[in-house]
file entry.cif (mmCIF, C-alpha atoms)
data_data
loop_
_atom_site.label_atom_id
_atom_site.label_comp_id
_atom_site.auth_asym_id
_atom_site.auth_seq_id
_atom_site.Cartn_x
_atom_site.Cartn_y
_atom_site.Cartn_z
CA MET Q 366 -10.62 -5.63 8.94
CA PRO Q 367 -8.21 -8.40 7.96
CA ASP Q 368 -8.51 -7.32 4.34
CA SER Q 369 -6.71 -4.09 4.91
CA LEU Q 370 -3.95 -5.84 6.80
CA THR Q 371 -3.33 -8.67 4.42
CA PRO Q 372 -3.69 -7.02 1.03
CA ASP Q 373 -4.79 -9.16 -1.83
CA PRO Q 374 -1.83 -9.89 -4.15
CA GLU Q 375 -3.93 -9.00 -7.19
CA GLN Q 376 -4.63 -5.58 -5.72
CA LEU Q 377 -0.93 -5.10 -4.97
CA ARG Q 378 -0.10 -6.11 -8.53
CA ALA Q 379 -2.57 -3.57 -9.90
CA TRP Q 380 -1.13 -0.79 -7.75
CA LEU Q 381 2.40 -1.71 -8.74
CA SER Q 382 1.62 -1.62 -12.43
CA ALA Q 383 -0.18 1.72 -12.00
CA ALA Q 384 2.86 3.04 -10.13
CA ALA Q 385 4.97 1.93 -13.08
CA GLN Q 386 2.77 4.29 -15.13
CA ARG Q 387 3.71 7.04 -12.67
CA ASP Q 388 0.36 6.97 -10.88
CA ALA Q 389 1.14 8.62 -7.56
CA THR Q 390 -2.31 7.83 -6.16
CA ALA Q 391 -1.86 4.11 -6.67
CA PHE Q 392 1.61 4.33 -5.19
CA ARG Q 393 0.22 5.98 -2.08
CA ALA Q 394 -2.36 3.22 -1.76
CA LEU Q 395 0.39 0.65 -2.13
CA TYR Q 396 2.41 2.40 0.58
CA ASP Q 397 -0.54 2.57 2.95
CA ALA Q 398 -1.32 -1.10 2.48
CA THR Q 399 2.19 -2.45 2.80
CA SER Q 400 4.31 -0.05 4.83
CA PRO Q 401 3.30 -1.24 8.34
CA LYS Q 402 4.47 -4.75 7.52
CA LEU Q 403 7.64 -3.69 5.80
CA PHE Q 404 8.39 -1.20 8.53
CA GLY Q 405 7.92 -3.85 11.21
CA PHE Q 406 10.33 -6.01 9.27
CA ALA Q 407 12.94 -3.25 8.86
CA LEU Q 408 12.59 -2.49 12.56
CA ARG Q 409 13.26 -6.12 13.39
CA ILE Q 410 16.44 -6.07 11.27
CA LEU Q 411 17.75 -2.70 12.39
CA GLY Q 412 16.40 -2.34 15.90
CA LYS Q 413 16.29 1.44 15.69
CA ARG Q 414 13.32 3.44 14.55
CA GLU Q 415 15.31 6.12 12.71
CA LEU Q 416 17.31 3.55 10.77
CA ALA Q 417 14.23 1.49 9.98
CA GLU Q 418 12.50 4.59 8.65
CA GLU Q 419 15.48 5.36 6.46
CA ALA Q 420 15.42 1.81 5.11
CA LEU Q 421 11.69 2.11 4.44
CA GLN Q 422 12.19 5.39 2.63
CA ASP Q 423 15.02 4.04 0.47
CA GLY Q 424 12.97 0.94 -0.16
CA TYR Q 425 9.88 2.73 -1.46
CA ILE Q 426 12.01 5.03 -3.62
CA ALA Q 427 13.48 1.89 -5.20
CA ILE Q 428 10.02 0.34 -5.50
CA TRP Q 429 8.71 3.40 -7.37
CA ASN Q 430 11.79 3.52 -9.60
CA GLY Q 431 11.77 -0.21 -10.23
CA ALA Q 432 8.02 -0.76 -10.57
CA GLY Q 433 8.37 -0.87 -14.35
CA SER Q 434 10.81 -3.76 -14.14
CA TYR Q 435 8.79 -5.83 -11.69
CA GLN Q 436 8.02 -9.15 -13.32
CA SER Q 437 4.82 -10.49 -11.92
CA HIS Q 438 5.37 -13.97 -13.29
CA LEU Q 439 8.58 -14.33 -11.31
CA ALA Q 440 7.68 -13.24 -7.81
CA ALA Q 441 4.66 -12.28 -5.76
CA PRO Q 442 4.43 -8.49 -5.32
CA MET Q 443 4.96 -8.65 -1.54
CA THR Q 444 8.00 -10.90 -2.04
CA TRP Q 445 9.48 -8.42 -4.49
CA MET Q 446 8.92 -5.44 -2.23
CA THR Q 447 10.12 -7.30 0.85
CA THR Q 448 13.34 -8.22 -0.96
CA ILE Q 449 13.93 -4.57 -1.82
CA VAL Q 450 13.31 -3.27 1.69
CA ARG Q 451 15.40 -6.07 3.16
CA ASN Q 452 18.35 -5.16 0.93
CA LYS Q 453 18.07 -1.51 1.92
CA ALA Q 454 17.86 -2.45 5.58
CA LEU Q 455 20.88 -4.74 5.28
CA ASP Q 456 22.86 -1.98 3.51
CA LEU Q 457 22.16 0.27 6.47
CA LEU Q 458 23.00 -2.49 8.92
CA ARG Q 459 26.43 -2.87 7.30
CA ARG Q 460 27.05 0.87 7.27
CA HIS Q 461 26.07 1.27 10.90
CA GLY Q 462 27.86 -1.94 11.79
CA GLY Q 463 28.07 -2.05 15.58
CA GLU Q 464 24.92 -0.11 16.30
CA ALA Q 465 22.24 -2.67 15.77
CA GLU Q 466 22.10 -5.29 18.43
CA ILE Q 467 21.68 -8.87 17.46
CA ASP Q 468 18.51 -10.11 18.92
CA GLY Q 469 18.69 -13.81 19.56
CA ARG Q 470 14.94 -14.01 19.94
CA VAL Q 471 14.50 -12.93 16.34
CA PHE Q 472 10.74 -13.41 16.22
CA ASP Q 473 8.17 -11.71 18.35
CA SER Q 474 7.16 -13.88 21.22
CA GLU Q 475 3.54 -14.24 20.20
CA ILE Q 476 4.62 -15.31 16.74
CA MET Q 477 7.10 -17.68 18.30
CA ASP Q 478 4.31 -19.21 20.37
CA ALA Q 479 2.14 -19.52 17.32
CA LEU Q 480 5.02 -21.13 15.45
CA GLN Q 481 5.64 -23.66 18.17
CA ASP Q 482 2.06 -24.69 18.46
CA PRO Q 483 -0.13 -23.29 15.71
CA ARG Q 484 -3.05 -25.38 16.88
CA ALA Q 485 -3.08 -23.96 20.40
CA ASN Q 486 -2.28 -20.45 19.30
CA PRO Q 487 -3.69 -19.86 15.86
CA ILE Q 488 -1.42 -17.81 13.67
CA ASP Q 489 -4.51 -16.70 11.77
CA ALA Q 490 -5.12 -14.25 14.58
CA LEU Q 491 -1.89 -12.46 13.74
CA LEU Q 492 -3.23 -11.28 10.42
CA VAL Q 493 -0.41 -12.47 8.24
CA SER Q 494 -0.75 -13.44 4.61
CA ARG Q 495 -1.53 -16.97 3.46
CA ASP Q 496 2.06 -17.46 2.33
CA ALA Q 497 3.32 -16.42 5.75
CA LYS Q 498 0.87 -18.76 7.47
CA ALA Q 499 2.04 -21.66 5.36
CA LEU Q 500 5.67 -20.82 6.09
CA ALA Q 501 4.91 -20.40 9.79
CA TYR Q 502 3.34 -23.82 9.89
CA CYS Q 503 6.30 -25.39 8.11
CA MET Q 504 8.76 -23.64 10.40
CA SER Q 505 6.86 -24.96 13.37
CA THR Q 506 7.79 -28.46 12.23
CA LEU Q 507 11.50 -27.64 12.53
CA GLU Q 508 13.34 -28.20 15.77
CA GLY Q 509 13.57 -25.09 17.91
CA LEU Q 510 17.31 -24.56 17.54
CA HIS Q 511 17.18 -25.13 13.79
CA ARG Q 512 14.43 -22.56 13.50
CA GLN Q 513 16.49 -20.10 15.50
CA VAL Q 514 19.49 -20.61 13.24
CA VAL Q 515 17.39 -19.92 10.14
CA GLY Q 516 15.83 -16.86 11.76
CA LEU Q 517 19.18 -15.42 12.86
CA ALA Q 518 20.60 -15.78 9.38
CA PHE Q 519 17.56 -14.24 7.73
CA PHE Q 520 16.90 -11.32 10.05
CA HIS Q 521 20.48 -10.43 10.88
CA ASP Q 522 22.19 -11.32 7.65
CA LEU Q 523 24.67 -13.52 9.45
CA SER Q 524 27.13 -15.86 7.79
CA HIS Q 525 27.46 -19.49 8.85
CA SER Q 526 30.40 -18.61 11.08
CA GLU Q 527 28.63 -15.64 12.65
CA VAL Q 528 25.62 -17.80 13.45
CA ALA Q 529 27.99 -20.38 14.91
CA GLN Q 530 29.58 -17.74 17.09
CA GLN Q 531 26.26 -16.29 18.22
CA MET Q 532 24.90 -19.65 19.27
CA ALA Q 533 28.19 -21.17 20.37
CA ILE Q 534 27.88 -24.23 18.18
CA PRO Q 535 30.34 -25.63 15.59
CA ILE Q 536 30.13 -24.12 12.11
CA GLY Q 537 29.72 -27.56 10.53
CA THR Q 538 26.60 -28.07 12.62
CA VAL Q 539 25.21 -24.71 11.53
CA LYS Q 540 25.75 -25.56 7.87
CA THR Q 541 24.05 -28.91 8.27
CA TRP Q 542 21.10 -27.46 10.19
CA ILE Q 543 20.54 -24.74 7.64
CA ARG Q 544 20.78 -27.10 4.69
CA ARG Q 545 18.36 -29.57 6.28
CA SER Q 546 15.97 -26.84 7.38
CA LEU Q 547 15.80 -25.34 3.89
CA GLU Q 548 15.16 -28.78 2.37
CA ARG Q 549 12.50 -29.48 4.97
CA LEU Q 550 10.80 -26.13 4.32
CA LYS Q 551 10.80 -26.66 0.58
CA THR Q 552 9.18 -30.08 0.89
CA CYS Q 553 6.69 -28.89 3.47
CA LEU Q 554 5.65 -25.84 1.42
CA ALA Q 555 5.35 -27.92 -1.76
CA LYS Q 556 2.94 -30.26 0.00
CA GLY Q 557 0.94 -27.30 1.14
CA GLU Q 558 0.94 -28.74 4.64
CA ARG Q 559 -1.32 -26.66 6.82
CA ALA Q 560 -2.09 -26.38 10.42
CA MET X 131 32.53 -23.21 -11.49
CA ASN X 132 29.88 -24.63 -13.72
CA ILE X 133 26.79 -25.27 -11.68
CA ARG X 134 24.29 -25.41 -14.50
CA ASP X 135 24.44 -29.16 -14.85
CA ASN X 136 23.86 -29.59 -11.17
CA PRO X 137 20.30 -28.62 -10.34
CA ALA X 138 20.64 -29.74 -6.72
CA LEU X 139 23.58 -27.40 -6.23
CA CYS X 140 21.73 -24.58 -8.03
CA ASP X 141 18.84 -25.03 -5.66
CA LYS X 142 21.05 -25.06 -2.56
CA LEU X 143 22.97 -21.95 -3.65
CA ALA X 144 19.77 -20.08 -4.53
CA ALA X 145 18.29 -20.96 -1.14
CA GLU X 146 21.35 -19.79 0.79
CA TYR X 147 21.58 -16.70 -1.41
CA VAL X 148 18.03 -15.74 -0.47
CA LEU X 149 18.50 -16.67 3.19
CA GLY X 150 21.66 -14.55 3.23
CA THR X 151 24.21 -17.14 4.27
CA LEU X 152 25.90 -17.15 0.86
CA LYS X 153 28.51 -14.47 1.39
CA GLY X 154 31.57 -12.78 -0.07
CA GLY X 155 33.07 -14.08 -3.28
CA ALA X 156 30.57 -16.93 -3.55
CA ARG X 157 27.71 -14.43 -3.39
CA ARG X 158 29.24 -12.21 -6.07
CA ARG X 159 29.88 -15.21 -8.35
CA PHE X 160 26.30 -16.31 -7.86
CA GLU X 161 25.02 -12.84 -8.80
CA THR X 162 27.11 -12.91 -11.98
CA LEU X 163 25.64 -16.28 -12.88
CA LEU X 164 22.13 -14.99 -12.15
CA ARG X 165 22.42 -12.28 -14.77
CA GLY X 166 23.03 -14.77 -17.55
CA ASP X 167 20.82 -17.63 -16.47
CA ALA X 168 17.04 -17.38 -16.61
CA ALA X 169 16.51 -20.81 -15.03
CA LEU X 170 18.65 -19.82 -12.06
CA ARG X 171 16.71 -16.56 -11.75
CA ARG X 172 13.50 -18.57 -11.60
CA THR X 173 14.91 -20.92 -8.97
CA THR X 174 15.99 -17.89 -6.93
CA ALA X 175 12.58 -16.23 -7.28
CA GLU X 176 10.97 -19.43 -6.01
CA TRP X 177 13.13 -19.32 -2.93
CA GLN X 178 12.25 -15.68 -2.42
CA ASP X 179 8.57 -16.58 -2.52
CA ARG X 180 9.25 -19.33 0.03
CA LEU X 181 11.38 -17.41 2.52
CA MET X 182 10.45 -13.72 2.25
CA PRO X 183 7.11 -14.20 4.04
CA MET X 184 9.30 -14.66 7.13
CA ALA X 185 9.36 -10.86 7.11
CA GLU X 186 5.79 -10.98 8.37
CA PHE X 187 6.88 -12.80 11.51
CA SER X 188 7.86 -9.49 12.96
CA ALA X 189 4.91 -7.49 14.21
CA SER X 190 3.65 -4.68 11.98
CA ALA X 191 4.53 -1.17 13.05
CA GLN X 192 3.32 2.18 11.84
CA PRO X 193 6.04 4.42 10.40
CA ARG X 194 5.75 8.09 11.25
CA ARG X 195 4.04 10.35 8.74
CA GLN X 196 7.33 12.06 7.91
CA VAL X 197 8.44 8.92 6.11
CA TRP X 198 5.80 9.25 3.43
CA LYS X 199 6.41 13.00 3.25
CA ALA X 200 10.09 12.37 2.63
CA ILE X 201 9.36 9.80 -0.06
CA GLU X 202 6.96 12.21 -1.69
CA ARG X 203 9.55 14.96 -1.62
CA ARG X 204 12.37 12.82 -2.94
CA LEU X 205 10.24 11.56 -5.83
CA GLY X 206 8.69 14.92 -6.58
CA LEU X 207 5.16 13.65 -5.95
CA ALA X 208 4.26 16.86 -4.16
CA ARG X 209 0.58 16.04 -4.43
CA GLY X 210 1.15 12.37 -4.10
CA HIS X 211 -2.07 11.67 -2.30
CA ALA X 212 -5.14 10.82 -4.31
CA ALA X 213 -6.33 13.79 -6.30
CA TRP X 214 -9.71 13.53 -4.64
CA GLN X 215 -8.20 13.58 -1.17
CA PHE X 216 -7.68 17.28 -1.67
CA TRP X 217 -8.82 18.14 1.83
CA ARG X 218 -5.50 16.81 3.11
CA SER X 219 -3.79 19.80 1.61
CA GLU X 220 -6.41 22.50 2.10
CA SER X 221 -5.82 25.39 4.42
CA LEU X 222 -8.06 26.24 7.28
CA ALA X 223 -8.83 29.56 5.59
CA PHE X 224 -10.41 27.72 2.70
CA TRP X 225 -12.75 25.82 4.99
CA ARG X 226 -13.72 28.94 6.86
CA SER X 227 -14.61 30.78 3.68
CA LEU X 228 -16.37 27.70 2.38
CA SER X 229 -18.65 27.40 5.35
CA LEU X 230 -19.37 31.13 5.54
CA ALA X 231 -20.19 31.30 1.85
CA SER X 232 -22.43 28.25 2.10
CA ILE X 233 -24.38 29.57 5.02
CA ALA X 234 -24.87 33.00 3.47
CA LEU X 235 -26.01 31.55 0.19
CA ALA X 236 -28.22 29.01 1.83
CA LEU X 237 -30.04 31.69 3.77
CA VAL X 238 -30.71 33.66 0.61
CA LEU X 239 -31.79 30.64 -1.34
CA VAL X 240 -34.08 29.21 1.27
CA GLY X 241 -35.96 32.46 0.93
CA VAL X 242 -36.03 32.44 -2.83
CA ILE X 243 -36.61 28.83 -3.62
CA ASN X 244 -39.26 28.17 -1.07
CA SER X 245 -41.12 31.37 -1.85
CA PRO X 246 -44.55 31.09 -3.48
CA LEU X 247 -43.01 32.20 -6.77
CA PHE X 248 -41.79 28.70 -7.28
CA ASP X 249 -44.14 25.91 -8.04
CA ARG X 250 -42.82 24.24 -4.98
CA PRO X 251 -40.30 21.67 -5.94
CA GLN X 252 -39.40 20.51 -2.45
CA VAL X 253 -35.81 21.58 -2.36
CA ASP X 254 -34.45 20.15 0.83
CA TYR X 255 -30.77 19.97 0.03
CA LEU X 256 -28.48 22.71 -1.12
CA ALA X 257 -24.81 22.92 -1.92
CA THR X 258 -22.55 25.58 -3.31
CA LEU X 259 -19.38 24.37 -4.93
CA LEU X 260 -16.48 26.78 -4.81
CA ASP X 261 -13.28 27.08 -6.81
CA ASP X 262 -9.86 27.35 -5.21
CA LYS X 263 -10.36 31.07 -4.66
CA ALA X 264 -13.59 30.36 -2.77
CA ARG X 265 -15.77 31.77 -5.57
CA THR X 266 -19.08 30.09 -6.15
CA ALA X 267 -18.94 28.11 -9.38
CA LEU X 268 -21.88 25.74 -9.14
CA LEU X 269 -25.09 25.63 -7.25
CA LEU X 270 -26.69 22.29 -6.46
CA THR X 271 -30.20 21.80 -5.23
CA GLY X 272 -31.67 18.48 -4.27
CA ASP X 273 -35.29 17.45 -4.08
CA SER X 274 -35.21 14.18 -2.18
CA ARG X 275 -38.92 13.50 -2.68
CA ARG X 276 -38.83 13.70 -6.47
CA GLN X 277 -35.21 12.47 -6.43
CA VAL X 278 -33.94 15.24 -8.64
CA LEU X 279 -30.56 16.86 -8.33
CA THR X 280 -30.33 20.14 -10.18
CA VAL X 281 -26.95 21.62 -11.03
CA ARG X 282 -26.69 25.26 -12.04
CA LEU X 283 -23.43 26.45 -13.52
CA VAL X 284 -23.00 29.85 -11.92
CA ASP X 285 -19.53 30.92 -12.75
CA SER X 286 -17.54 27.87 -13.77
CA ALA X 287 -14.54 28.05 -16.07
CA PRO X 288 -15.16 27.04 -19.71
CA VAL X 289 -14.56 23.35 -20.37
CA PRO X 290 -12.59 22.28 -23.49
CA SER X 291 -14.66 20.27 -25.96
CA ASP X 292 -12.75 17.05 -25.31
CA LYS X 293 -13.33 17.33 -21.57
CA ALA X 294 -16.25 17.17 -19.22
CA LEU X 295 -17.04 18.03 -15.63
CA GLN X 296 -17.98 15.16 -13.38
CA LEU X 297 -19.76 15.42 -10.05
CA TRP X 298 -18.73 13.20 -7.14
CA ALA X 299 -19.89 12.40 -3.66
CA VAL X 300 -16.77 11.91 -1.57
CA PRO X 301 -17.42 9.57 1.37
CA LYS X 302 -15.57 9.72 4.67
CA ALA X 303 -13.91 6.45 3.75
CA GLY X 304 -13.44 4.71 0.44
CA ALA X 305 -13.52 5.88 -3.14
CA PRO X 306 -15.66 8.75 -4.39
CA ARG X 307 -18.96 7.86 -6.06
CA SER X 308 -19.88 9.41 -9.35
CA LEU X 309 -23.16 11.31 -9.37
CA GLY X 310 -22.99 12.03 -13.06
CA VAL X 311 -21.23 13.85 -15.86
CA LEU X 312 -22.24 17.50 -16.22
CA SER X 313 -22.79 17.78 -19.92
CA GLY X 314 -24.38 20.84 -21.42
CA GLU X 315 -24.65 24.31 -20.02
CA GLY X 316 -26.84 26.25 -17.67
CA VAL X 317 -29.05 23.89 -15.72
CA ILE X 318 -28.48 20.15 -15.60
CA GLU X 319 -30.73 17.64 -13.93
CA LEU X 320 -29.39 14.41 -12.48
CA ALA X 321 -30.97 11.65 -10.43
CA LEU X 322 -30.67 12.26 -6.70
CA THR X 323 -29.86 8.93 -5.09
CA ASP X 324 -28.51 7.65 -1.79
CA ALA X 325 -25.08 7.82 -3.39
CA ALA X 326 -25.33 11.57 -3.09
CA LEU X 327 -27.16 11.89 0.23
CA GLY X 328 -25.78 9.04 2.33
CA ASP X 329 -24.71 9.80 5.88
CA ASP X 330 -21.15 8.98 4.94
CA VAL X 331 -20.84 11.75 2.37
CA ALA X 332 -18.15 14.14 3.53
CA MET X 333 -18.18 16.42 0.53
CA LEU X 334 -19.20 17.02 -3.03
CA ALA X 335 -16.61 17.67 -5.68
CA VAL X 336 -16.33 18.31 -9.39
CA SER X 337 -13.36 17.05 -11.36
CA LEU X 338 -12.22 17.69 -14.90
CA GLU X 339 -12.35 14.43 -16.84
CA PRO X 340 -12.16 13.18 -20.41
CA ARG X 341 -15.43 13.59 -22.28
CA GLY X 342 -17.80 10.90 -21.08
CA GLY X 343 -16.37 10.87 -17.57
CA SER X 344 -13.57 9.35 -15.55
CA PRO X 345 -12.15 6.19 -17.13
CA SER X 346 -11.28 4.88 -13.66
CA PRO X 347 -13.82 2.96 -11.58
CA ASP X 348 -12.02 4.19 -8.46
CA GLY X 349 -12.80 7.85 -8.78
CA PRO X 350 -11.62 11.01 -10.46
CA THR X 351 -8.57 11.00 -12.68
CA GLY X 352 -8.40 14.72 -13.37
CA PRO X 353 -7.95 17.73 -11.12
CA ILE X 354 -10.63 18.74 -8.64
CA LEU X 355 -11.95 22.13 -9.72
CA TYR X 356 -14.83 22.77 -7.36
CA LYS X 357 -15.96 21.49 -4.02
CA GLY X 358 -18.48 22.07 -1.31
CA ASN X 359 -20.97 20.37 0.91
CA TRP X 360 -24.67 19.79 1.36
CA VAL X 361 -26.67 21.98 3.60
CA ARG X 362 -29.87 20.29 4.66
CA MET X 363 -32.74 22.72 4.82
CA MET X 364 -35.30 21.12 7.04
#
call {"tool": "encode", "arguments": {"input": "entry.cif", "output": "structure tokens"}}
result
Amino acid sequence: MPDSLTPDPEQLRAWLSAAAQRDATAFRALYDATSPKLFGFALRILGKRELAEEALQDGYIAIWNGAGSYQSHLAAPMTWMTTIVRNKALDLLRRHGGEAEIDGRVFDSEIMDALQDPRANPIDALLVSRDAKALAYCMSTLEGLHRQVVGLAFFHDLSHSEVAQQMAIPIGTVKTWIRRSLERLKTCLAKGERA
Amino acid sequence: MNIRDNPALCDKLAAEYVLGTLKGGARRRFETLLRGDAALRRTTAEWQDRLMPMAEFSASAQPRRQVWKAIERRLGLARGHAAWQFWRSESLAFWRSLSLASIALALVLVGVINSPLFDRPQVDYLATLLDDKARTALLLTGDSRRQVLTVRLVDSAPVPSDKALQLWAVPKAGAPRSLGVLSGEGVIELALTDAALGDDVAMLAVSLEPRGGSPSPDGPTGPILYKGNWVRMM
């Protein structure tokens, strides 16, 4: 059932606004619909199950407490919740500094394959949202190393110089690649280019 | 640094802020600017919408059940699951007493109802709804041929005048279906439809709702007072 795996943004919005009214039932539904994705994401950032669960917990506490201030005209509900969980995960990553290993692969291999050739390996099969499909397609148009630089920065919260160190390339090159990749993604997403 | 007159720079900083590569003092300065600048907040939100879906590029994973339990505990949502998903918190003892009571009552009633004293309404379904102390509160009989569902209030608590009892069929999956509001006293007749008898019905339940019934299309809004299940008598 793809519907249960890629929740409709309108449904998420409704649950969020009910949660803002302290509706615990709606909040549970929101958790059930979104936690596998957000947990997978936290796991990717932190690498350890216990830490990822802590990030998820902190994240949903903040989501419940902040539901009243969520502004639906500014960001999609999943974007808003992802940002919250990401911040909690990154807080934990900083606190547990050395523990999480930096994973140069960054993306799961099947997603990587789908990114490299969405036509041969349809990303639709991976049950991600429309926004994620569009982004996946646009990322597939980036050069492999550029894509890796963007992924490292996003998933591991690395600075330009840390990315440079990880990949053994000059920092100036990293800055240029990131700037160009972001511009390229913006243009690509604006055009609504699709696979 | 005044970046307001430089939309290209605003865009670049917002993008790197969201990506995470804007660090240290530059990040803190950007956050200060964000607080006072609605246009910059919008630009940043746009970048979040663009880049955050990257989170989905990691495979989904199921967190352990303890995570939700901990969230529930920390937020004081002790009964944070849907009010109608009460079976999640019921003890085994309740279910034992429920089934024993149902069987005992069913045996008695089969005798009474289908005796020649009655002008044979074909009662083929029977349910006793119990309160949380396993006392019988309501008795339901269903005549699937005439499609009549009869509800007898046996020993239910008095209902305030601004409230009403509402009867639900709770399916194994999905939201409960309303079978009707129990207005009046004594014996109430409702239509007996597939909503009540479908194979997917896991249980019958009565909730306390505002007069006129639950305002939510998704199910009960008030507490569940009574519950039980059909016994088919054929």
call {"tool": "interface_residues", "arguments": {"input": "entry.cif", "of": "chain X", "to": "chain Q", "cutoff": "10 Å", "atoms": "all atoms listed in the file", "output": "PyMOL selection string"}}
result
chain X and resi 141-142+145-146+148-154+171-194+196-202+204-215+351
call {"tool": "residues_around", "arguments": {"input": "entry.cif", "residues": "X:Thr271", "least_positions_apart": "6", "cutoff": "6 Å", "atoms": "only C-alpha atoms", "output": "number ranges by chain"}}
result
X: 255-256, 279-280
call {"tool": "residues_around", "arguments": {"input": "entry.cif", "residues": "X:Val317", "least_positions_apart": "3", "cutoff": "8 Å", "atoms": "all atoms listed in the file", "output": "list in words"}}
result
Thr280, Val281, Arg282, Leu283 and Gly314 of chain X
call {"tool": "write_last_selection", "arguments": {"input": "entry.cif", "atoms": "C-alpha atoms", "output": "PDB file, keeping the file's coordinate frame"}}
result
ATOM      1  CA  THR X 280     -30.330  20.140 -10.180  1.00  0.00           C
ATOM      2  CA  VAL X 281     -26.950  21.620 -11.030  1.00  0.00           C
ATOM      3  CA  ARG X 282     -26.690  25.260 -12.040  1.00  0.00           C
ATOM      4  CA  LEU X 283     -23.430  26.450 -13.520  1.00  0.00           C
ATOM      5  CA  GLY X 314     -24.380  20.840 -21.420  1.00  0.00           C
TER       6      GLY X 314
END
call {"tool": "closest_residue", "arguments": {"input": "entry.cif", "among": "X:Leu334, X:Gln277, X:Asp348, X:Arg362", "to": "Q:Trp380", "atoms": "all atoms listed in the file"}}
result
X:Asp348
call {"tool": "residues_around", "arguments": {"input": "entry.cif", "residues": "Q:Ser382", "least_positions_apart": "4", "cutoff": "8 Å", "atoms": "all atoms listed in the file", "output": "PDB file with C-alpha atoms, keeping the file's coordinate frame"}}
result
ATOM      1  CA  ARG Q 378      -0.100  -6.110  -8.530  1.00  0.00           C
ATOM      2  CA  GLN Q 386       2.770   4.290 -15.130  1.00  0.00           C
ATOM      3  CA  ALA Q 432       8.020  -0.760 -10.570  1.00  0.00           C
ATOM      4  CA  GLY Q 433       8.370  -0.870 -14.350  1.00  0.00           C
TER       5      GLY Q 433
END
call {"tool": "atom_distance", "arguments": {"input": "entry.cif", "atom1": "atom CA of X:Gly310", "atom2": "atom CA of X:Gln296"}}
result
5.9 Å
call {"tool": "atom_distance", "arguments": {"input": "entry.cif", "atom1": "atom CA of Q:Leu416", "atom2": "atom CA of Q:Asp456"}}
result
10.7 Å
call {"tool": "atom_distance", "arguments": {"input": "entry.cif", "atom1": "atom CA of X:Val278", "atom2": "atom CA of X:Ala305"}}
result
23.1 Å
call {"tool": "residues_around", "arguments": {"input": "entry.cif", "residues": "Q:Arg549", "least_positions_apart": "6", "cutoff": "9 Å", "atoms": "only C-alpha atoms", "output": "NGL selection string"}}
result
:Q and (503-504 or 506-507)
call {"tool": "closest_residue", "arguments": {"input": "entry.cif", "among": "Q:Gln530, Q:Asn452, Q:Gln376, Q:Gln436", "to": "Q:Ala420", "atoms": "all atoms listed in the file"}}
result
Q:Asn452
call {"tool": "axis_aligned_box", "arguments": {"input": "entry.cif", "around": "stretch 160-163 of chain X", "padding_each_side": "6 Å", "output": "JSON"}}
result
{"center_x": 26.1, "center_y": -14.6, "center_z": -10.4, "size_x": 14.1, "size_y": 15.5, "size_z": 17.0}
